[in-house]
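**Q** Below is one structure. I have some questions about it.
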Amino acid sequence: MPAPIRLRELIRTIRTARTQAEEREMIQKECAAIRSSFREEDNTYRCRNVAKLLYMHMLGYPAHFGQLECLKLIASQKFTDKRIGYLGAMLLLDERQDVHLLMTNCIKNDLNHSTQYVQGLALCTLGCMGSSEMCRDLAGEVEKLLKTSNSYLRKKAALCAVHVIRKVPELMEMFLPATKNLLSEKNHGEILHTSVVLLTEMCERSPDMLSHFRKLVPQLVRILKNLIMSGYSPEHDVSGISDPFLQVRILRLLRILGKGDDDSSEAMNDILAQVATNTETSKNVGNAILYETVLTIMDIKSESGLRVLAINILGRFLLNNDKNIRYVALTSLLKTVQTDHNAVQRHRSTIVDCLKDLDVSIKRRAMELSFALVNGNNIRGMMKELLYFLDSCDPDFKADCASGIFLAAEKYAPSKRWHIDTIMRVLTTAGSYVRDDSVPNLIQLITNSVEMHAYTVQRLYKALLDDISQQPLVQVASWCIGEYGDLLVSGQCEEEEPIQVNDLYVLDVLEGLLVSNLSTPVTRGYSLTAIMKLSTRFSSLNRIKKVVSIYGSSIDVELQQRAVEYNALFKKYDHMRPALLERMPIMEKTATNGPSETVQTNGETDSTILDTKHLPSISQPASQVGFLKHGFSIQTCAHFRHLNNIQPLNVIIPPMTAYNKNGLIIEFTFERSNPNPNIAVITIHATNSTEADMTEFVFQAAVPKTFQLQLLSPSSNVVPAFNQGSVTQVIRVLNPQKVRCYCEPRTHSASDLQCIQAINFYLSCVPGESNPQPCAS
Amino acid sequence: MIKAILIFNNHGKPRMSKFYEHYTEDTEQQIIRETFHLVSKRDENVCNFLEGGLLIGGSENKLIYRHYATLYFVFCVDSSESELGILDLIQVFVETLDKCFENVCELDLIFHLDKVHNILAEMVMGGMVLETNMSEIITQVEAQGKMEKSERLQDVFVEFSHQDLLDFYNQMEMIQTQLTR
């Protein structure tokens, strides 16, 4: 069989291929040749073949049949073979193949080889892809190499140790004695670097190590000082600064050591100030060090002067021409704006200027930072800039920007009129990018600003005349017109020049929305309901009746349902129509997520119109007034499921069986805590109807972050058999946002009743919510 | 930690790819394509940092890249690495390649992929920065190269020795015939 071609030849051949298919053909031919060569167990050319295989692997072709060959290469005596073999192992093998364990012995031998380069190869491979079994077996060898005097090996061993610690954290103690000498003076730059990395990893993983290594802070400070003060050292120099990588690493380790600890932070203050003031900022290198210094100053307990210095450095970064520096500065300012708000405020104008930058990443950071900086004093100015930004930014940003503007406006609006104007501006410029949940929020906001109703509806109407393509705008506008149409035609607006419009024009506009192709089904629903509401406010009753009856046969089921119900309202329940269609009262806001309308139903009448099937089946206090659920169909109660409701507080939730399996029954009973009605107290009773006692019974509960949970101690750990007794445990749940969530039981090892049965639940317990879902196991 | 180091050209053809976290081969190729897509859209004078693509960890990971002539050098790192530091690291890497290959160009990377891997192995190990001193890296790489060469010379020597012997015997024969004449 002719000698396999060299790697170079192969590459040259592949490059001549003009199409993907040609290339694939060539590669397949070569793969076949390589495979037969492997089968012949040819030692001389194995190295060449594997090299070719790796090249093909990089191009994306399957190369797994070479894995065993890599192992054979590793076992060979020649350095060339070993090198390619280890490279192949790193690229082709990983923990998931069983083959990799065969390497362990080879690596072990190579770690003790006489040539340092072979040892280096072995360390490199172990450090890249060693699995936890391999690391466990070979940790001893690595530790030995960590103590050797050969600097080349020592630095590799340090990084390999980092990998071992990452894979098997329990072995961290093993490396502790070797770290004693790591920072000693006679070590060169490279060893220091990797040693610092090792120390950093150990400190990050274990708080004990962290306190142990705190005593190294003076040494680190000394090393850093030497680096800054020492003269020109050509080996480690990058653009005139000595060993910047090491400086950055040491600064990071100092950050970890100084966090939360006064003494260490004290010891570092001077050196940090020195680095901050002395480093040259004309090149990227200097800026990298400064950036790291700033981050460290922010994280440790530094004195305020130092912090101000840090923020000023960041401010200087913002003015730098280099985009990278600006990006980095904006990111760090974002992290510190919570803690050092005032200091960051000083740079507000620069940040706002960054909004106009051409670079997308910088714009995004500047936008986030601007939102964080908005407060009551600067709201008007900032909002102007932000609205201008909204006009000109990319569509990706518009949704986030619009939501941010709404939030900011809500928190700091100086006047209602300004607020409504801002909302109008957002809706008209970025209307189609506004998030769906902002429509109900806006509606609620408008309802609550009673004195602005006339102004609002007038502006919305004018906007509607201009443009009906932006759905959120159209939805809000049609809702408002439906509610406040009478104000519109009466021309009562005080804030601005009232427009002259009569009810026919208004109805024209609304009907236009119904037939337009631009309107989504949801929008059509809004406009139909609006037209219906106008039946009590306008006098053109016949026209409205006609429209409503036309849509009674619409193809869209939602529209049809609404139209049919409204028709029924006209025909059979006309006496109730004024009451149902009167103005909405002021709504209370429950939570910022989701629509926040209250569900209030008139329990006695309209059991035909208002379908109470899905509503809480508990008795409601009689003080509630019934009216139409705006925007939603009367009978589709699907919406109710997504609402965060304020329910009257005297609702009792019936007890429920949460878990009933394998003889173990767990029941929940609910009551409200007396001092704080927002806390629900759940008592669990666990009974066991099997023949054997359940020992070591442990109840665990997990809840989403918005909940607060307190588990009191159970009455006992043993659930006696045959229902002879029960284990009770009290759980207190606080749900400040009244978010509803779903129940999901999970059991471990349900088969063996004698062993621990830990049951996790997500509690769905909104105070007042009717049916926590019975947990189906 | 560095998650991946990729070198590809202006058309997206991979010239070197090293992953420090495990992905399947298909995912690796997809990552390369996705990264190329994200990076090639960038203008020349915007900043060199990007959020990572979805396949490689999304917004927790960043792509730090540099564009040299026809090649993109992309390092995908997580939040524990300093962005500006990695930018310098890319510079050191490219300068090292330049020294090792004498004015490196794309063809050098194509035909000497194993050498590129060897140089990288001296700089980054297990996703962590091992050595940043250019002369040190070059010294180590050259020493290992010498070792390889010496091994090959041994082979050559062995290969020629038969021929040598043959020549030698032939010469011996000639001399012997001359002597016995």
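We label chains A, B, ... in the order they appear in the structure tokens, count residues from 1 in each chain, and number ligands from 1 in the order shown.
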Determine, counting only C-alpha atoms, which protein, DNA and RNA residues have an atom within 10 Å of an atom of segment 506-523 of chain A; residues of the same chain fewer than 4 positions away are not included. Present the result as a PyMOL selection string.
**A** chain A and resi 461+464-465+468-479+481-482+485+488-489+501-502+527-531+534+538+540+543-544+547+551+556-559+631-632
**Q** Report as a VMD selection string the set of chain A residues whose atoms approach chain B to within 8 Å, with distances computed over only C-alpha atoms.
**A** chain A and resid 7 to 8 11 51 55 58 to 60 62 78 to 80 84 87 91 94 117 124 127 to 129 155 to 156 159 to 160 163 190 193 to 194 235 to 236 245 248 284 to 285 287 to 288 292 322 to 324 327 to 328 358 to 359 361
**Q** Keeping only C-alpha atoms, take the residues you just selected and write them out as a short mmCIF file (atom, residue, chain, number, x, y, z; two decimals), in the first residue's frame.
**A**
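Contents of the output file again.cif:
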data_model
loop_
_atom_site.label_atom_id
_atom_site.label_comp_id
_atom_site.auth_asym_id
_atom_site.auth_seq_id
_atom_site.Cartn_x
_atom_site.Cartn_y
_atom_site.Cartn_z
CA LEU A 7 -0.85 16.66 5.58
CA ARG A 8 0.33 19.42 3.32
CA ILE A 11 -4.65 20.48 2.45
CA ALA A 51 -2.78 14.91 11.81
CA TYR A 55 -7.58 18.82 10.01
CA MET A 58 -11.74 21.11 12.10
CA LEU A 59 -13.54 21.41 8.81
CA GLY A 60 -16.49 19.64 10.40
CA PRO A 62 -16.66 13.13 11.65
CA LYS A 78 8.56 9.33 20.19
CA PHE A 79 7.90 12.92 21.09
CA THR A 80 6.35 13.70 17.72
CA ILE A 84 -0.03 14.69 17.88
CA LEU A 87 -3.52 17.08 20.55
CA LEU A 91 -9.76 17.69 20.23
CA ASP A 94 -13.98 14.05 26.11
CA TYR A 117 8.19 18.68 27.40
CA CYS A 124 -1.72 20.19 29.35
CA GLY A 127 -5.74 20.25 32.43
CA CYS A 128 -7.89 20.56 29.35
CA MET A 129 -10.08 17.52 29.39
CA LYS A 155 3.25 26.93 35.98
CA LYS A 156 1.59 24.18 34.00
CA LEU A 159 -3.18 25.54 36.03
CA CYS A 160 -3.70 21.81 35.95
CA HIS A 163 -8.75 22.24 36.61
CA GLU A 190 4.97 33.35 34.82
CA HIS A 193 0.77 34.49 37.30
CA THR A 194 -0.43 30.93 37.38
CA GLU A 235 10.70 40.27 29.00
CA HIS A 236 7.41 41.02 30.58
CA PHE A 245 -1.45 40.43 32.92
CA VAL A 248 -4.57 42.48 36.50
CA ASN A 284 -5.09 49.85 25.96
CA VAL A 285 -2.84 48.11 28.44
CA ASN A 287 -6.66 51.12 30.60
CA ALA A 288 -7.01 47.41 31.26
CA GLU A 292 -9.43 46.25 36.99
CA ASP A 322 -11.63 54.20 21.89
CA LYS A 323 -14.97 52.46 21.76
CA ASN A 324 -13.78 49.53 23.79
CA TYR A 327 -18.07 50.17 26.50
CA VAL A 328 -16.15 48.91 29.46
CA LEU A 358 -23.15 54.67 16.33
CA ASP A 359 -22.10 51.52 18.07
CA SER A 361 -23.37 47.76 22.11
#
**Q** Just want the 9 Å neighbourhood of Thr428 of chain A, counted on only C-alpha atoms, with same-chain residues fewer than 4 positions away dropped. Output as a PyMOL selection string.
**A** chain A and resi 423-424+432+463+467+470+473
**Q** What does the distance from atom CA of Lys416 of chain A to atom CA of Leu442 of chain A come to in Å, to one decimal?
**A**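 One can read the atom CA of Lys416 of chain A to atom CA of Leu442 of chain A distance as 12.5 Å.
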**Q** Grab the atom CA of Leu246 of chain A to atom CA of Val221 of chain A distance for me, in Å with one decimal place.
**A**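 Distance between the two atoms: 12.3 Å.
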**Q** Could you tell me, as a PyMOL selection string, which residues of chain B DSSP assigns to alpha helix (DSSP H) when given the backbone?
**A** chain B and resi 25-40+83-101+106-111+113-123+134-180
**Q** If you run DSSP on the backbone here, which positions in segment 76-162 of chain B get strand (DSSP E or B)? Please write them as a ChimeraX atom specification.
**A** /B:76-77,124-125,128-129
**Q** Atoms to include: N, CA, C and O atoms. Write the selected residues as a PDB file, in the first residue's frame.
**A**
ATOM      1  N   CYS B  76     -14.048  33.476  23.006  1.00  0.00           N
ATOM      2  CA  CYS B  76     -15.314  33.523  23.720  1.00  0.00           C
ATOM      3  C   CYS B  76     -15.025  33.316  25.193  1.00  0.00           C
ATOM      4  O   CYS B  76     -14.489  32.273  25.570  1.00  0.00           O
ATOM      5  N   VAL B  77     -15.347  34.308  26.015  1.00  0.00           N
ATOM      6  CA  VAL B  77     -14.990  34.221  27.432  1.00  0.00           C
ATOM      7  C   VAL B  77     -16.223  34.430  28.292  1.00  0.00           C
ATOM      8  O   VAL B  77     -17.220  34.988  27.841  1.00  0.00           O
ATOM      9  N   VAL B 124      -2.498  29.160  26.370  1.00  0.00           N
ATOM     10  CA  VAL B 124      -3.769  28.980  27.079  1.00  0.00           C
ATOM     11  C   VAL B 124      -3.932  27.510  27.379  1.00  0.00           C
ATOM     12  O   VAL B 124      -3.805  26.677  26.484  1.00  0.00           O
ATOM     13  N   MET B 125      -4.212  27.194  28.625  1.00  0.00           N
ATOM     14  CA  MET B 125      -4.365  25.788  29.000  1.00  0.00           C
ATOM     15  C   MET B 125      -5.647  25.621  29.794  1.00  0.00           C
ATOM     16  O   MET B 125      -5.854  26.321  30.777  1.00  0.00           O
ATOM     17  N   MET B 128      -7.569  28.715  30.649  1.00  0.00           N
ATOM     18  CA  MET B 128      -6.962  29.757  31.465  1.00  0.00           C
ATOM     19  C   MET B 128      -5.646  30.189  30.852  1.00  0.00           C
ATOM     20  O   MET B 128      -4.950  29.401  30.214  1.00  0.00           O
ATOM     21  N   VAL B 129      -5.305  31.427  31.092  1.00  0.00           N
ATOM     22  CA  VAL B 129      -4.089  31.970  30.495  1.00  0.00           C
ATOM     23  C   VAL B 129      -2.875  31.401  31.201  1.00  0.00           C
ATOM     24  O   VAL B 129      -2.752  31.495  32.421  1.00  0.00           O
TER      25      VAL B 129
END
**Q** At what distance in Å, to one decimal, does atom CA of Leu330 of chain A lie from atom CA of Leu318 of chain A?
**A**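 Value for the atom CA of Leu318 of chain A-atom CA of Leu330 of chain A distance: 7.3 Å.
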